[in-house]
Amino acid sequence: MPQPFKPRLSLARIAQMNLGFLGLQFSFGLQQSNMGPIYRYLGADEASMPLLWLAGPMTGLIVQPIVGALSDRTTSRLGRRTPYFLVGAVLCSLALFAMPFSPALWVAASLLWILDAANNITMEPYRAYVSDRLAEPQQPTGFLVQSAFTGLAQTLSYLAPTIFVLMGMNPDLVDANGIPHITRLAFVIGAILSISTIVWSVWRVPELPLTPDERAALRARPSGAGATLRELGAALREMPPAMRQLALAMFFQWYGMFCYWQYAVFSLARALHGNGSAEAVRDATLVNGRLGGFYNAVAFVAALALVPLTRRLGAGPVHALCMTASGAAMLALPGIGQEGWAYLPMLGIGLGWASLMGNPYVLLANAIPPERTGVYMGIFNMFIVLPMLFQSVTMPLIYGPLLGGDARHVLMLAGGAMLAAAIATLLVRVPGAAAGAAPLTAG
């Protein structure tokens, strides 16, 4: 079947179609910077913390491949992907609004399951939307603009509590459960952004209508839950070799990032204060917000700078270099005892985060058949959630015996994982544009 014509979009239009990632990633940033402290305020201990983060990998493992396959088959008046954007955004907004008002640990954990399920409903159809809407020469720009919005959104979400303090709010003003009021306000803002930015994106840059040939092909495909599951099975069996090769790199990089997000606050509490008391954690949460805001600002700028670099050198070598910088930064951070010096390794983490949210998808988009973009984007997410799931289950077992019950050692383990991801990335062989520079120069 001939590929439909996809009009070339200006950079401004590409930015508008990806604005929904601002709200989506603001939500993820709130989780990364605040869920550990919220769990701690509600009575959780550090060793069991990863088990409370199981919502992300479990819902991603179940929801994203199914939603990806369903979105490939959807022919609604709103489009193939848009219904999933909107449903996910509404659920995400409701969960974000309720989260900081959790009266007990089990409520916060339950809301995180809803929140992550909602984010996963939106995530992979949104990535497939970029492949649907943009011609191949513009796809690297599309994915790296998504990465730029990730950096901007998470900069704002990490910095929000500190901004509120600078505006005069008391960081020690907490509710009966110990959750700071500045945290509550940040989540309310996240709830508003989640729905508003998605609606703006789909209104300003709607999906391309399906061609008659595409509609006929979709009608000819079997429908129903059984057909969806069979499609998933067939896609797994027929997975392109380059996608299989990416699995190892994805395992190491996401294992490392999950370790970092879970334990950065607790590592900083020990590095800056020498203990993990509630007061030290509360202060380290604000410090982590400032550091996280900085590395996400670096990621925002770096994502845009990586566009021409990726065109020239190829996504694989650039990604390996960025993973190396991130790994070295994570190894260095636990030994730094002053906030001012801690901004230096954030340069490496920001560079790695910018590449991680863009370049693997550049590699993937050039390795998969266009008619299966949704299902393969969903399956690709398994390469993200499985290492997170593995980390969540195994970390409580090794935290004490192997890591000495010290969060700083977890960050050093994360650094080693990122270096391993750099090596694994260099082993990936992707045919076509993503493998080298020349085919991308036209974009």
# chains A, B, ... in the order shown; residues from 1 in each chain; ligands from 1
>>> residues_around(residues="segment 302-304 of chain A", least_positions_apart="6", cutoff="9 Å", atoms="only C-alpha atoms", output="number ranges by chain")
A: 141, 144-149, 151, 350-351, 353-355, 357-358
>>> select_by_dssp(residues="segment 59-259 of chain A", states="strand (DSSP E or B)", output="list in words")
Ser76, Gly79, Val174 and Pro180 of chain A
>>> write_last_selection(atoms="N, CA and C atoms", output="compact mmCIF listing (two decimals), in the first residue's frame")
# COMPACT_ATOMS: atom_id res chain seq x y z
N SER A 76 -12.16 6.54 14.63
CA SER A 76 -13.20 7.45 15.12
C SER A 76 -13.16 8.78 14.37
N GLY A 79 -10.14 10.75 15.16
CA GLY A 79 -8.86 10.26 14.67
C GLY A 79 -8.49 8.93 15.31
N VAL A 174 2.67 22.26 56.75
CA VAL A 174 2.25 20.93 56.28
C VAL A 174 0.85 20.63 56.78
N PRO A 180 3.62 18.92 52.60
CA PRO A 180 3.70 20.39 52.54
C PRO A 180 2.65 21.00 51.62
>>> closest_residue(among="A:Ala217, A:Leu419, A:Leu427, A:Leu208", to="Ser131 of chain A", atoms="only C-alpha atoms")
A:Leu208
>>> closest_atom_pairs(of="segment 151-179 of chain A", to="segment 184-206 of chain A", cutoff="8 Å", atoms="only C-alpha atoms", output="Markdown table")
| residue | atom | partner | partner_atom | distance |
| --- | --- | --- | --- | --- |
| A:Ser157 | CA | A:Ala186 | CA | 7.1 |
| A:Ala160 | CA | A:Ala186 | CA | 6.1 |
| A:Pro161 | CA | A:Ala186 | CA | 6.7 |
| A:Ile179 | CA | A:Arg184 | CA | 7.7 |
>>> residues_around(residues="Ala424 of chain A", least_positions_apart="6", cutoff="12 Å", atoms="only C-alpha atoms", output="list in words")
Arg244, Gln245, Leu246, Ala247, Leu248, Ala249, Met250, Phe251, Phe252, Gln253, Gly316, Pro317, His319, Ala320, Leu321, Met323, Thr324, Ala417 and Met418 of chain A
>>> closest_residue(among="A:Ala135, A:Ala44, A:Leu52, A:Ala269", to="Glu339 of chain A", atoms="only C-alpha atoms")
A:Ala269
>>> residues_around(residues="segment 95-102 of chain A", least_positions_apart="3", cutoff="12 Å", atoms="only C-alpha atoms", output="ChimeraX atom specification")
/A:23-24,26-31,34-35,37-39,41-42,88-92,105-119,174-195
>>> residues_around(residues="Asp72 of chain A", least_positions_apart="3", cutoff="7 Å", atoms="only C-alpha atoms", output="list in words")
Gly68, Ala69, Arg80, Arg372, Gly374 and Val375 of chain A
>>> write_last_selection(atoms="N, CA, C and O atoms", output="mmCIF file, in the first residue's frame")
data_model
loop_
_atom_site.group_PDB
_atom_site.id
_atom_site.type_symbol
_atom_site.label_atom_id
_atom_site.label_comp_id
_atom_site.auth_asym_id
_atom_site.auth_seq_id
_atom_site.Cartn_x
_atom_site.Cartn_y
_atom_site.Cartn_z
ATOM 1 N N GLY A 68 -1.581 0.840 22.305
ATOM 2 C CA GLY A 68 -0.909 1.048 21.029
ATOM 3 C C GLY A 68 -1.544 0.244 19.909
ATOM 4 O O GLY A 68 -1.776 0.756 18.801
ATOM 5 N N ALA A 69 -1.845 -1.024 20.194
ATOM 6 C CA ALA A 69 -2.486 -1.869 19.185
ATOM 7 C C ALA A 69 -3.892 -1.379 18.864
ATOM 8 O O ALA A 69 -4.313 -1.348 17.704
ATOM 9 N N ARG A 80 -7.281 8.469 14.998
ATOM 10 C CA ARG A 80 -6.808 7.196 15.536
ATOM 11 C C ARG A 80 -6.272 7.359 16.957
ATOM 12 O O ARG A 80 -6.535 6.519 17.825
ATOM 13 N N ARG A 372 2.364 -0.433 11.600
ATOM 14 C CA ARG A 372 2.369 -1.028 12.938
ATOM 15 C C ARG A 372 3.008 -0.095 13.965
ATOM 16 O O ARG A 372 3.467 -0.538 14.998
ATOM 17 N N GLY A 374 1.787 2.089 16.104
ATOM 18 C CA GLY A 374 1.187 2.113 17.438
ATOM 19 C C GLY A 374 1.544 0.900 18.265
ATOM 20 O O GLY A 374 1.963 1.021 19.422
ATOM 21 N N VAL A 375 1.409 -0.292 17.675
ATOM 22 C CA VAL A 375 1.673 -1.500 18.448
ATOM 23 C C VAL A 375 3.154 -1.616 18.797
ATOM 24 O O VAL A 375 3.524 -2.009 19.908
#
>>> closest_residue(among="A:Gly43, A:Tyr255, A:Leu333, A:Gln16", to="Ala104 of chain A", atoms="only C-alpha atoms")
A:Gly43
>>> atom_distance(atom1="atom CA of Asp213 of chain A", atom2="atom CA of Thr74 of chain A")
14.7 Å
>>> atom_distance(atom1="atom CA of Asn359 of chain A", atom2="atom CA of Ala332 of chain A")
24.7 Å
>>> atom_distance(atom1="atom CA of Phe294 of chain A", atom2="atom CA of Thr155 of chain A")
6.5 Å
>>> closest_atom_pairs(of="segment 122-167 of chain A", to="segment 272-286 of chain A", cutoff="12 Å", atoms="only C-alpha atoms", output="Markdown table")
| residue | atom | partner | partner_atom | distance |
| --- | --- | --- | --- | --- |
| A:Ser157 | CA | A:Leu286 | CA | 11.7 |
| A:Tyr158 | CA | A:Leu286 | CA | 8.6 |
| A:Leu159 | CA | A:Leu286 | CA | 8.2 |
| A:Ala160 | CA | A:Leu286 | CA | 9.5 |
| A:Pro161 | CA | A:Leu286 | CA | 7.0 |
| A:Thr162 | CA | A:Leu286 | CA | 6.3 |
| A:Ile163 | CA | A:Leu286 | CA | 10.1 |
| A:Phe164 | CA | A:Leu286 | CA | 10.9 |
| A:Val165 | CA | A:Leu286 | CA | 9.5 |
| A:Leu166 | CA | A:Leu286 | CA | 11.7 |
>>> write_last_selection(atoms="all heavy atoms", output="PDB file, in the first residue's frame")
ATOM      1  N   SER A 157       8.199  21.617  36.864  1.00  0.00           N
ATOM      2  CA  SER A 157       7.621  20.807  37.941  1.00  0.00           C
ATOM      3  C   SER A 157       8.594  20.634  39.104  1.00  0.00           C
ATOM      4  O   SER A 157       8.202  20.672  40.270  1.00  0.00           O
ATOM      5  CB  SER A 157       7.193  19.433  37.407  1.00  0.00           C
ATOM      6  OG  SER A 157       8.302  18.691  36.928  1.00  0.00           O
ATOM      7  N   TYR A 158       9.870  20.463  38.803  1.00  0.00           N
ATOM      8  CA  TYR A 158      10.868  20.327  39.866  1.00  0.00           C
ATOM      9  C   TYR A 158      11.038  21.642  40.635  1.00  0.00           C
ATOM     10  O   TYR A 158      11.235  21.644  41.857  1.00  0.00           O
ATOM     11  CB  TYR A 158      12.217  19.916  39.280  1.00  0.00           C
ATOM     12  CG  TYR A 158      12.435  18.425  39.168  1.00  0.00           C
ATOM     13  CD1 TYR A 158      11.967  17.702  38.075  1.00  0.00           C
ATOM     14  CD2 TYR A 158      13.131  17.725  40.144  1.00  0.00           C
ATOM     15  CE1 TYR A 158      12.177  16.346  37.958  1.00  0.00           C
ATOM     16  CE2 TYR A 158      13.352  16.360  40.038  1.00  0.00           C
ATOM     17  CZ  TYR A 158      12.872  15.672  38.940  1.00  0.00           C
ATOM     18  OH  TYR A 158      13.075  14.315  38.833  1.00  0.00           O
ATOM     19  N   LEU A 159      10.994  22.765  39.920  1.00  0.00           N
ATOM     20  CA  LEU A 159      11.240  24.053  40.555  1.00  0.00           C
ATOM     21  C   LEU A 159      10.010  24.637  41.241  1.00  0.00           C
ATOM     22  O   LEU A 159      10.146  25.581  42.032  1.00  0.00           O
ATOM     23  CB  LEU A 159      11.746  25.058  39.517  1.00  0.00           C
ATOM     24  CG  LEU A 159      13.193  24.897  39.048  1.00  0.00           C
ATOM     25  CD1 LEU A 159      13.510  25.946  37.987  1.00  0.00           C
ATOM     26  CD2 LEU A 159      14.159  25.042  40.223  1.00  0.00           C
ATOM     27  N   ALA A 160       8.831  24.117  40.930  1.00  0.00           N
ATOM     28  CA  ALA A 160       7.602  24.724  41.441  1.00  0.00           C
ATOM     29  C   ALA A 160       7.622  24.944  42.953  1.00  0.00           C
ATOM     30  O   ALA A 160       7.323  26.059  43.419  1.00  0.00           O
ATOM     31  CB  ALA A 160       6.389  23.890  41.021  1.00  0.00           C
ATOM     32  N   PRO A 161       7.973  23.938  43.784  1.00  0.00           N
ATOM     33  CA  PRO A 161       7.976  24.199  45.233  1.00  0.00           C
ATOM     34  C   PRO A 161       8.932  25.320  45.644  1.00  0.00           C
ATOM     35  O   PRO A 161       8.598  26.152  46.493  1.00  0.00           O
ATOM     36  CB  PRO A 161       8.401  22.848  45.831  1.00  0.00           C
ATOM     37  CG  PRO A 161       7.988  21.837  44.815  1.00  0.00           C
ATOM     38  CD  PRO A 161       8.235  22.512  43.501  1.00  0.00           C
ATOM     39  N   THR A 162      10.120  25.356  45.040  1.00  0.00           N
ATOM     40  CA  THR A 162      11.070  26.425  45.365  1.00  0.00           C
ATOM     41  C   THR A 162      10.528  27.788  44.935  1.00  0.00           C
ATOM     42  O   THR A 162      10.694  28.794  45.651  1.00  0.00           O
ATOM     43  CB  THR A 162      12.422  26.160  44.684  1.00  0.00           C
ATOM     44  OG1 THR A 162      13.006  24.981  45.256  1.00  0.00           O
ATOM     45  CG2 THR A 162      13.378  27.325  44.889  1.00  0.00           C
ATOM     46  N   ILE A 163       9.863  27.848  43.779  1.00  0.00           N
ATOM     47  CA  ILE A 163       9.265  29.104  43.323  1.00  0.00           C
ATOM     48  C   ILE A 163       8.216  29.580  44.324  1.00  0.00           C
ATOM     49  O   ILE A 163       8.138  30.771  44.658  1.00  0.00           O
ATOM     50  CB  ILE A 163       8.659  28.930  41.917  1.00  0.00           C
ATOM     51  CG1 ILE A 163       9.769  28.696  40.886  1.00  0.00           C
ATOM     52  CG2 ILE A 163       7.824  30.146  41.534  1.00  0.00           C
ATOM     53  CD1 ILE A 163       9.263  28.329  39.505  1.00  0.00           C
ATOM     54  N   PHE A 164       7.411  28.657  44.833  1.00  0.00           N
ATOM     55  CA  PHE A 164       6.393  29.035  45.809  1.00  0.00           C
ATOM     56  C   PHE A 164       7.032  29.566  47.090  1.00  0.00           C
ATOM     57  O   PHE A 164       6.519  30.507  47.698  1.00  0.00           O
ATOM     58  CB  PHE A 164       5.493  27.838  46.127  1.00  0.00           C
ATOM     59  CG  PHE A 164       4.763  27.280  44.937  1.00  0.00           C
ATOM     60  CD1 PHE A 164       4.450  25.928  44.859  1.00  0.00           C
ATOM     61  CD2 PHE A 164       4.393  28.101  43.882  1.00  0.00           C
ATOM     62  CE1 PHE A 164       3.795  25.413  43.775  1.00  0.00           C
ATOM     63  CE2 PHE A 164       3.725  27.588  42.779  1.00  0.00           C
ATOM     64  CZ  PHE A 164       3.431  26.244  42.720  1.00  0.00           C
ATOM     65  N   VAL A 165       8.157  28.971  47.491  1.00  0.00           N
ATOM     66  CA  VAL A 165       8.867  29.465  48.672  1.00  0.00           C
ATOM     67  C   VAL A 165       9.378  30.882  48.432  1.00  0.00           C
ATOM     68  O   VAL A 165       9.266  31.773  49.293  1.00  0.00           O
ATOM     69  CB  VAL A 165      10.022  28.516  49.060  1.00  0.00           C
ATOM     70  CG1 VAL A 165      10.888  29.140  50.162  1.00  0.00           C
ATOM     71  CG2 VAL A 165       9.475  27.172  49.521  1.00  0.00           C
ATOM     72  N   LEU A 166       9.944  31.109  47.229  1.00  0.00           N
ATOM     73  CA  LEU A 166      10.439  32.449  46.902  1.00  0.00           C
ATOM     74  C   LEU A 166       9.308  33.470  46.850  1.00  0.00           C
ATOM     75  O   LEU A 166       9.527  34.665  47.091  1.00  0.00           O
ATOM     76  CB  LEU A 166      11.174  32.412  45.555  1.00  0.00           C
ATOM     77  CG  LEU A 166      12.482  31.617  45.523  1.00  0.00           C
ATOM     78  CD1 LEU A 166      13.028  31.551  44.098  1.00  0.00           C
ATOM     79  CD2 LEU A 166      13.519  32.236  46.465  1.00  0.00           C
TER      80      LEU A 166
END
>>> closest_residue(among="A:Ala216, A:Ala305, A:Ile379, A:Met330", to="Pro65 of chain A", atoms="only C-alpha atoms")
A:Ile379
>>> closest_residue(among="A:Leu356, A:Leu363, A:Ile336, A:Val428", to="Trp254 of chain A", atoms="only C-alpha atoms")
A:Leu356
>>> select_by_dssp(residues="segment 159-394 of chain A", states="helix (DSSP H, G or I)", output="VMD selection string")
chain A and resid 159 to 166 181 to 204 212 to 220 225 to 237 241 to 273 278 to 313 315 to 335 339 to 356 359 to 365 370 to 394
